[in-house]
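Source file protein-v3.pdb; content: PDB, C-alpha atoms.
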ATOM      1  CA  ILE O 167      49.110 -29.835 -14.133  1.00  0.00           C
ATOM      2  CA  ILE O 168      46.711 -28.865 -16.882  1.00  0.00           C
ATOM      3  CA  GLN O 169      47.250 -25.362 -18.184  1.00  0.00           C
ATOM      4  CA  PHE O 170      44.200 -23.629 -19.664  1.00  0.00           C
ATOM      5  CA  PRO O 171      44.698 -20.962 -22.281  1.00  0.00           C
ATOM      6  CA  SER O 172      43.945 -17.534 -20.836  1.00  0.00           C
ATOM      7  CA  GLU O 173      40.826 -17.071 -22.991  1.00  0.00           C
ATOM      8  CA  ASP O 174      39.285 -20.213 -21.391  1.00  0.00           C
ATOM      9  CA  THR O 175      39.791 -18.947 -17.865  1.00  0.00           C
ATOM     10  CA  PRO O 176      36.444 -17.749 -16.500  1.00  0.00           C
ATOM     11  CA  ASP O 177      36.175 -14.041 -15.807  1.00  0.00           C
ATOM     12  CA  LEU O 178      35.281 -13.907 -12.090  1.00  0.00           C
ATOM     13  CA  SER O 179      34.123 -10.303 -12.394  1.00  0.00           C
ATOM     14  CA  LYS O 180      31.331 -11.537 -14.698  1.00  0.00           C
ATOM     15  CA  ILE O 181      30.448 -14.626 -12.647  1.00  0.00           C
ATOM     16  CA  SER O 182      29.534 -12.688  -9.489  1.00  0.00           C
ATOM     17  CA  PRO O 183      26.645 -10.706 -11.066  1.00  0.00           C
ATOM     18  CA  VAL O 184      25.360 -13.876 -12.772  1.00  0.00           C
ATOM     19  CA  ILE O 185      25.335 -15.806  -9.461  1.00  0.00           C
ATOM     20  CA  ALA O 186      23.604 -12.886  -7.757  1.00  0.00           C
ATOM     21  CA  GLU O 187      20.954 -12.604 -10.476  1.00  0.00           C
ATOM     22  CA  LEU O 188      20.314 -16.351 -10.565  1.00  0.00           C
ATOM     23  CA  ASN O 189      19.878 -16.561  -6.790  1.00  0.00           C
ATOM     24  CA  PHE O 190      17.603 -13.525  -6.758  1.00  0.00           C
ATOM     25  CA  TYR O 191      15.247 -15.004  -9.363  1.00  0.00           C
ATOM     26  CA  LEU O 192      15.278 -18.374  -7.593  1.00  0.00           C
ATOM     27  CA  ALA O 193      14.264 -16.532  -4.407  1.00  0.00           C
ATOM     28  CA  VAL O 194      11.308 -14.962  -6.241  1.00  0.00           C
ATOM     29  CA  LEU O 195      10.339 -18.370  -7.645  1.00  0.00           C
ATOM     30  CA  TYR O 196      10.485 -20.039  -4.214  1.00  0.00           C
ATOM     31  CA  ARG O 197       8.449 -17.180  -2.727  1.00  0.00           C
ATOM     32  CA  GLU O 198       5.770 -17.683  -5.396  1.00  0.00           C
ATOM     33  CA  LEU O 199       5.754 -21.396  -4.488  1.00  0.00           C
ATOM     34  CA  SER O 200       5.375 -20.428  -0.784  1.00  0.00           C
ATOM     35  CA  GLN O 201       8.712 -22.118   0.046  1.00  0.00           C
ATOM     36  CA  PHE O 202       9.829 -19.205   2.191  1.00  0.00           C
ATOM     37  CA  ASP O 203      12.879 -20.794   3.877  1.00  0.00           C
ATOM     38  CA  LYS O 204      14.374 -21.610   0.478  1.00  0.00           C
ATOM     39  CA  ALA O 205      13.494 -18.115  -0.752  1.00  0.00           C
ATOM     40  CA  PHE O 206      15.323 -16.517   2.187  1.00  0.00           C
ATOM     41  CA  ALA O 207      18.376 -18.750   1.631  1.00  0.00           C
ATOM     42  CA  LYS O 208      18.612 -17.719  -2.048  1.00  0.00           C
ATOM     43  CA  LEU O 209      18.104 -14.059  -1.125  1.00  0.00           C
ATOM     44  CA  ASP O 210      20.995 -14.248   1.367  1.00  0.00           C
ATOM     45  CA  THR O 211      23.328 -15.464  -1.374  1.00  0.00           C
ATOM     46  CA  ALA O 212      22.093 -12.793  -3.803  1.00  0.00           C
ATOM     47  CA  SER O 213      22.462 -10.113  -1.140  1.00  0.00           C
ATOM     48  CA  GLU O 214      26.085 -11.072  -0.397  1.00  0.00           C
ATOM     49  CA  GLN O 215      26.975 -10.887  -4.097  1.00  0.00           C
ATOM     50  CA  TYR O 216      25.184  -7.570  -4.674  1.00  0.00           C
ATOM     51  CA  ALA O 217      26.864  -6.051  -1.618  1.00  0.00           C
ATOM     52  CA  ARG O 218      30.262  -6.898  -3.137  1.00  0.00           C
ATOM     53  CA  LEU O 219      29.188  -5.309  -6.401  1.00  0.00           C
ATOM     54  CA  ASN O 220      27.866  -2.215  -4.597  1.00  0.00           C
ATOM     55  CA  ASN O 221      24.709  -2.396  -6.743  1.00  0.00           C
ATOM     56  CA  HIS O 222      22.089  -0.121  -5.164  1.00  0.00           C
ATOM     57  CA  VAL O 223      19.269  -1.125  -7.530  1.00  0.00           C
ATOM     58  CA  GLN O 224      19.744  -4.818  -6.781  1.00  0.00           C
ATOM     59  CA  ASN O 225      20.181  -4.148  -3.043  1.00  0.00           C
ATOM     60  CA  MET O 226      16.839  -2.333  -3.161  1.00  0.00           C
ATOM     61  CA  LEU O 227      15.226  -5.298  -4.954  1.00  0.00           C
ATOM     62  CA  VAL O 228      16.561  -7.741  -2.331  1.00  0.00           C
ATOM     63  CA  LEU O 229      15.141  -5.569   0.473  1.00  0.00           C
ATOM     64  CA  TYR O 230      11.803  -5.339  -1.353  1.00  0.00           C
ATOM     65  CA  GLU O 231      11.662  -9.096  -1.945  1.00  0.00           C
ATOM     66  CA  THR O 232      12.469  -9.725   1.738  1.00  0.00           C
ATOM     67  CA  ALA O 233       9.533  -7.473   2.685  1.00  0.00           C
ATOM     68  CA  ILE O 234       7.188  -9.379   0.362  1.00  0.00           C
ATOM     69  CA  ILE O 235       8.235 -12.757   1.788  1.00  0.00           C
ATOM     70  CA  TYR O 236       7.605 -11.509   5.343  1.00  0.00           C
ATOM     71  CA  ARG O 237       4.189 -10.214   4.209  1.00  0.00           C
ATOM     72  CA  ASN O 238       3.345 -13.614   2.740  1.00  0.00           C
ATOM     73  CA  GLU O 239       4.348 -15.211   6.041  1.00  0.00           C
ATOM     74  CA  GLY O 240       2.015 -12.804   7.876  1.00  0.00           C
ATOM     75  CA  GLU O 241       4.853 -10.991   9.665  1.00  0.00           C
ATOM     76  CA  LEU O 242       3.521  -7.563   8.758  1.00  0.00           C
ATOM     77  CA  GLU O 243       5.583  -5.380  11.106  1.00  0.00           C
ATOM     78  CA  LYS O 244       8.815  -6.973   9.844  1.00  0.00           C
ATOM     79  CA  SER O 245       7.528  -6.614   6.308  1.00  0.00           C
ATOM     80  CA  LEU O 246       6.942  -2.883   6.837  1.00  0.00           C
ATOM     81  CA  GLN O 247      10.458  -2.429   8.261  1.00  0.00           C
ATOM     82  CA  TRP O 248      12.037  -4.117   5.229  1.00  0.00           C
ATOM     83  CA  ILE O 249       9.979  -2.195   2.671  1.00  0.00           C
ATOM     84  CA  ASN O 250      11.039   1.042   4.389  1.00  0.00           C
ATOM     85  CA  LEU O 251      14.685  -0.066   4.054  1.00  0.00           C
ATOM     86  CA  ALA O 252      14.030  -0.657   0.349  1.00  0.00           C
ATOM     87  CA  PHE O 253      12.663   2.905   0.076  1.00  0.00           C
ATOM     88  CA  ASN O 254      15.828   4.226   1.776  1.00  0.00           C
ATOM     89  CA  GLU O 255      17.941   2.406  -0.812  1.00  0.00           C
ATOM     90  CA  PHE O 256      15.729   3.792  -3.598  1.00  0.00           C
ATOM     91  CA  GLU O 257      16.392   7.325  -2.333  1.00  0.00           C
ATOM     92  CA  GLN O 258      20.158   6.717  -2.758  1.00  0.00           C
ATOM     93  CA  LEU O 259      19.767   6.032  -6.490  1.00  0.00           C
ATOM     94  CA  LYS O 260      21.069   8.743  -8.802  1.00  0.00           C
ATOM     95  CA  GLU O 261      18.518   7.841 -11.464  1.00  0.00           C
ATOM     96  CA  LYS O 262      15.133   6.899 -10.043  1.00  0.00           C
ATOM     97  CA  GLN O 263      12.891   4.801 -12.270  1.00  0.00           C
ATOM     98  CA  ASP O 264       9.091   5.180 -12.158  1.00  0.00           C
ATOM     99  CA  TYR O 265       8.868   1.383 -12.374  1.00  0.00           C
ATOM    100  CA  HIS O 266      10.793   0.920  -9.107  1.00  0.00           C
ATOM    101  CA  GLN O 267       8.828   3.646  -7.355  1.00  0.00           C
ATOM    102  CA  ALA O 268       5.523   2.049  -8.404  1.00  0.00           C
ATOM    103  CA  MET O 269       6.751  -1.402  -7.337  1.00  0.00           C
ATOM    104  CA  LEU O 270       7.818  -0.153  -3.878  1.00  0.00           C
ATOM    105  CA  GLU O 271       4.705   1.941  -3.291  1.00  0.00           C
ATOM    106  CA  HIS O 272       2.409  -0.890  -4.393  1.00  0.00           C
ATOM    107  CA  GLY O 273       4.236  -3.333  -2.117  1.00  0.00           C
ATOM    108  CA  LYS O 274       3.994  -0.955   0.831  1.00  0.00           C
ATOM    109  CA  GLY O 275       0.326  -0.306   0.027  1.00  0.00           C
ATOM    110  CA  LEU O 276      -0.417  -4.047   0.233  1.00  0.00           C
ATOM    111  CA  ILE O 277       1.334  -4.284   3.610  1.00  0.00           C
ATOM    112  CA  LEU O 278      -0.605  -1.273   4.936  1.00  0.00           C
ATOM    113  CA  LEU O 279      -3.843  -2.790   3.594  1.00  0.00           C
ATOM    114  CA  ASP O 280      -3.100  -5.954   5.603  1.00  0.00           C
ATOM    115  CA  LEU O 281      -2.345  -3.762   8.644  1.00  0.00           C
ATOM    116  CA  GLN O 282      -5.806  -2.154   8.177  1.00  0.00           C
ATOM    117  CA  GLN O 283      -4.227   1.264   7.487  1.00  0.00           C
ATOM    118  CA  TYR O 284      -6.647   1.795   4.638  1.00  0.00           C
ATOM    119  CA  ASP O 285      -6.268   5.549   4.031  1.00  0.00           C
ATOM    120  CA  GLU O 286      -2.468   5.307   3.774  1.00  0.00           C
ATOM    121  CA  ALA O 287      -2.733   2.236   1.510  1.00  0.00           C
ATOM    122  CA  LEU O 288      -5.245   4.010  -0.727  1.00  0.00           C
ATOM    123  CA  THR O 289      -2.953   7.039  -1.160  1.00  0.00           C
ATOM    124  CA  LEU O 290      -0.107   4.772  -2.284  1.00  0.00           C
ATOM    125  CA  PHE O 291      -2.282   2.775  -4.702  1.00  0.00           C
ATOM    126  CA  GLN O 292      -3.583   6.006  -6.271  1.00  0.00           C
ATOM    127  CA  ARG O 293      -0.010   7.234  -6.848  1.00  0.00           C
ATOM    128  CA  VAL O 294       0.909   3.875  -8.371  1.00  0.00           C
ATOM    129  CA  LEU O 295      -2.087   3.994 -10.727  1.00  0.00           C
ATOM    130  CA  ILE O 296      -0.941   7.373 -12.115  1.00  0.00           C
ATOM    131  CA  ILE O 297       2.459   5.854 -13.015  1.00  0.00           C
ATOM    132  CA  TRP O 298       0.980   2.779 -14.740  1.00  0.00           C
ATOM    133  CA  GLU O 299      -1.656   4.762 -16.630  1.00  0.00           C
ATOM    134  CA  LYS O 300       1.050   7.112 -17.872  1.00  0.00           C
ATOM    135  CA  GLN O 301       3.027   4.104 -19.111  1.00  0.00           C
ATOM    136  CA  LYS O 302      -0.131   2.482 -20.578  1.00  0.00           C
ATOM    137  CA  HIS O 303       0.595  -0.765 -18.748  1.00  0.00           C
ATOM    138  CA  ASN O 304      -2.780  -2.535 -18.584  1.00  0.00           C
ATOM    139  CA  TYR O 305      -1.893  -5.401 -16.252  1.00  0.00           C
ATOM    140  CA  HIS O 306      -0.294  -3.191 -13.606  1.00  0.00           C
ATOM    141  CA  SER O 307      -3.081  -0.616 -13.989  1.00  0.00           C
ATOM    142  CA  ALA O 308      -5.570  -3.450 -13.362  1.00  0.00           C
ATOM    143  CA  LEU O 309      -3.639  -4.475 -10.237  1.00  0.00           C
ATOM    144  CA  ALA O 310      -3.691  -0.894  -8.940  1.00  0.00           C
ATOM    145  CA  ASN O 311      -7.406  -0.437  -9.715  1.00  0.00           C
ATOM    146  CA  ASN O 312      -8.201  -3.707  -7.933  1.00  0.00           C
ATOM    147  CA  ASP O 313      -6.277  -2.676  -4.832  1.00  0.00           C
ATOM    148  CA  ILE O 314      -7.790   0.820  -4.836  1.00  0.00           C
ATOM    149  CA  GLY O 315     -11.198  -0.880  -4.973  1.00  0.00           C
ATOM    150  CA  ALA O 316     -10.253  -3.187  -2.093  1.00  0.00           C
ATOM    151  CA  ALA O 317      -9.063  -0.254   0.046  1.00  0.00           C
ATOM    152  CA  ILE O 318     -12.151   1.860  -0.706  1.00  0.00           C
ATOM    153  CA  PHE O 319     -14.436  -1.078   0.101  1.00  0.00           C
ATOM    154  CA  ARG O 320     -12.754  -1.428   3.500  1.00  0.00           C
ATOM    155  CA  LEU O 321     -13.400   2.287   4.029  1.00  0.00           C
ATOM    156  CA  GLU O 322     -17.092   1.358   3.677  1.00  0.00           C
ATOM    157  CA  ARG O 323     -17.650   2.899   0.250  1.00  0.00           C
ATOM    158  CA  PRO O 324     -18.799  -0.142  -1.780  1.00  0.00           C
ATOM    159  CA  THR O 325     -20.287   1.830  -4.718  1.00  0.00           C
ATOM    160  CA  ALA O 326     -17.038   3.727  -5.337  1.00  0.00           C
ATOM    161  CA  ALA O 327     -15.093   0.480  -4.856  1.00  0.00           C
ATOM    162  CA  LEU O 328     -17.115  -1.228  -7.600  1.00  0.00           C
ATOM    163  CA  GLU O 329     -16.170   1.491 -10.112  1.00  0.00           C
ATOM    164  CA  TYR O 330     -12.462   0.679  -9.670  1.00  0.00           C
ATOM    165  CA  LEU O 331     -13.011  -3.072  -9.561  1.00  0.00           C
ATOM    166  CA  ASN O 332     -15.024  -3.048 -12.784  1.00  0.00           C
ATOM    167  CA  LYS O 333     -12.334  -0.918 -14.421  1.00  0.00           C
ATOM    168  CA  ALA O 334      -9.720  -3.463 -13.291  1.00  0.00           C
ATOM    169  CA  LYS O 335     -11.778  -6.259 -14.865  1.00  0.00           C
ATOM    170  CA  LEU O 336     -12.124  -4.310 -18.116  1.00  0.00           C
ATOM    171  CA  LEU O 337      -8.350  -3.733 -18.307  1.00  0.00           C
ATOM    172  CA  CYS O 338      -7.779  -7.494 -18.001  1.00  0.00           C
ATOM    173  CA  GLU O 339     -10.118  -8.328 -20.889  1.00  0.00           C
ATOM    174  CA  PRO O 340      -7.577  -7.996 -23.774  1.00  0.00           C
ATOM    175  CA  ILE O 341      -4.980 -10.090 -21.908  1.00  0.00           C
ATOM    176  CA  LYS O 342      -7.277 -12.520 -20.048  1.00  0.00           C
ATOM    177  CA  ASP O 343      -5.712 -15.654 -21.617  1.00  0.00           C
ATOM    178  CA  ARG O 344      -2.437 -15.211 -19.689  1.00  0.00           C
ATOM    179  CA  ALA O 345      -2.122 -17.339 -16.534  1.00  0.00           C
ATOM    180  CA  TYR O 346      -1.148 -14.470 -14.211  1.00  0.00           C
ATOM    181  CA  VAL O 347      -4.065 -12.373 -15.526  1.00  0.00           C
ATOM    182  CA  LYS O 348      -6.468 -15.265 -14.860  1.00  0.00           C
ATOM    183  CA  GLU O 349      -5.266 -15.265 -11.234  1.00  0.00           C
ATOM    184  CA  LEU O 350      -5.837 -11.514 -10.970  1.00  0.00           C
ATOM    185  CA  LEU O 351      -9.305 -11.854 -12.508  1.00  0.00           C
ATOM    186  CA  LYS O 352     -10.242 -14.388  -9.809  1.00  0.00           C
ATOM    187  CA  THR O 353      -9.257 -11.865  -7.121  1.00  0.00           C
ATOM    188  CA  ILE O 354     -11.147  -9.049  -8.869  1.00  0.00           C
ATOM    189  CA  GLU O 355     -14.294 -11.231  -9.138  1.00  0.00           C
ATOM    190  CA  GLU O 356     -14.060 -12.077  -5.423  1.00  0.00           C
ATOM    191  CA  ASN O 357     -13.705  -8.380  -4.548  1.00  0.00           C
ATOM    192  CA  ILE O 358     -16.667  -7.475  -6.792  1.00  0.00           C
ATOM    193  CA  ALA O 359     -18.841 -10.148  -5.141  1.00  0.00           C
ATOM    194  CA  GLU O 360     -17.868  -8.826  -1.712  1.00  0.00           C
ATOM    195  CA  ALA O 361     -18.537  -5.187  -2.659  1.00  0.00           C
ATOM    196  CA  LYS O 362     -21.993  -6.094  -4.012  1.00  0.00           C
TER     197      LYS O 362
END
Conversion result in structure tokens:
Amino acid sequence: IIQFPSEDTPDLSKISPVIAELNFYLAVLYRELSQFDKAFAKLDTASEQYARLNNHVQNMLVLYETAIIYRNEGELEKSLQWINLAFNEFEQLKEKQDYHQAMLEHGKGLILLDLQQYDEALTLFQRVLIIWEKQKHNYHSALANNDIGAAIFRLERPTAALEYLNKAKLLCEPIKDRAYVKELLKTIEENIAEAK
């Protein structure tokens, strides 16, 4: 029998969070690649690990990610249920971060937009924009402005929608070389064309 010195023995208490984190980020990656079955499988593993660790922030993120996958699959009612569970978990946090609130409210706003609940979606996007403007985060502010524009357009106010969409485009200008910003710019341009 090979005996390992104690310092070479892996610390299992450190492995569990690493496995959880790895599986969570793989789930996000698979979701972005539209491989939803694989994303759900990785989320299940992450969820089991986080439950053992009693990590409310990570539990909330798993619930949020589950909601986003269901939205991408077009299962909007399920998506809404899961995002509401994520909000419940958020409410349990002793220290609530603006970032997490904005993430959850933006996610729920997108689901409500898909469900044609435009007024409710608009309210959420407006709250999200306040957070990102306060933090001077241009990319997320551009996202929020774009989605406000999309919601207002669907409320049959194209002129007001264009103001937000053009602002979103302007916010992207200094960071337009980044791949994810290029994707957002395509969406903004499509929304502008539609509003015109």
- Between atom CA of Gln224 of chain O and atom CA of Leu242 of chain O, distance in Å (one decimal): 22.6 Å
- Task: Grab the atom CA of Leu199 of chain O to atom CA of Asn238 of chain O distance for me, in Å with one decimal place.
- Result: 10.9 Å
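For the pair atom CA of Asn332 of chain O and atom CA of Tyr346 of chain O, the interatomic distance is 18.0 Å.
With distances taken over all atoms listed in the file, O:His266 is the one residue among O:Arg323, O:Lys348, O:Lys362, O:His266 lying closest to Ile297 of chain O.
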- Looking at all atoms listed in the file, which of O:Asp343, O:Glu299, O:Glu322, O:Glu241 is the one that sits closest to Asp264 of chain O? O:Glu299
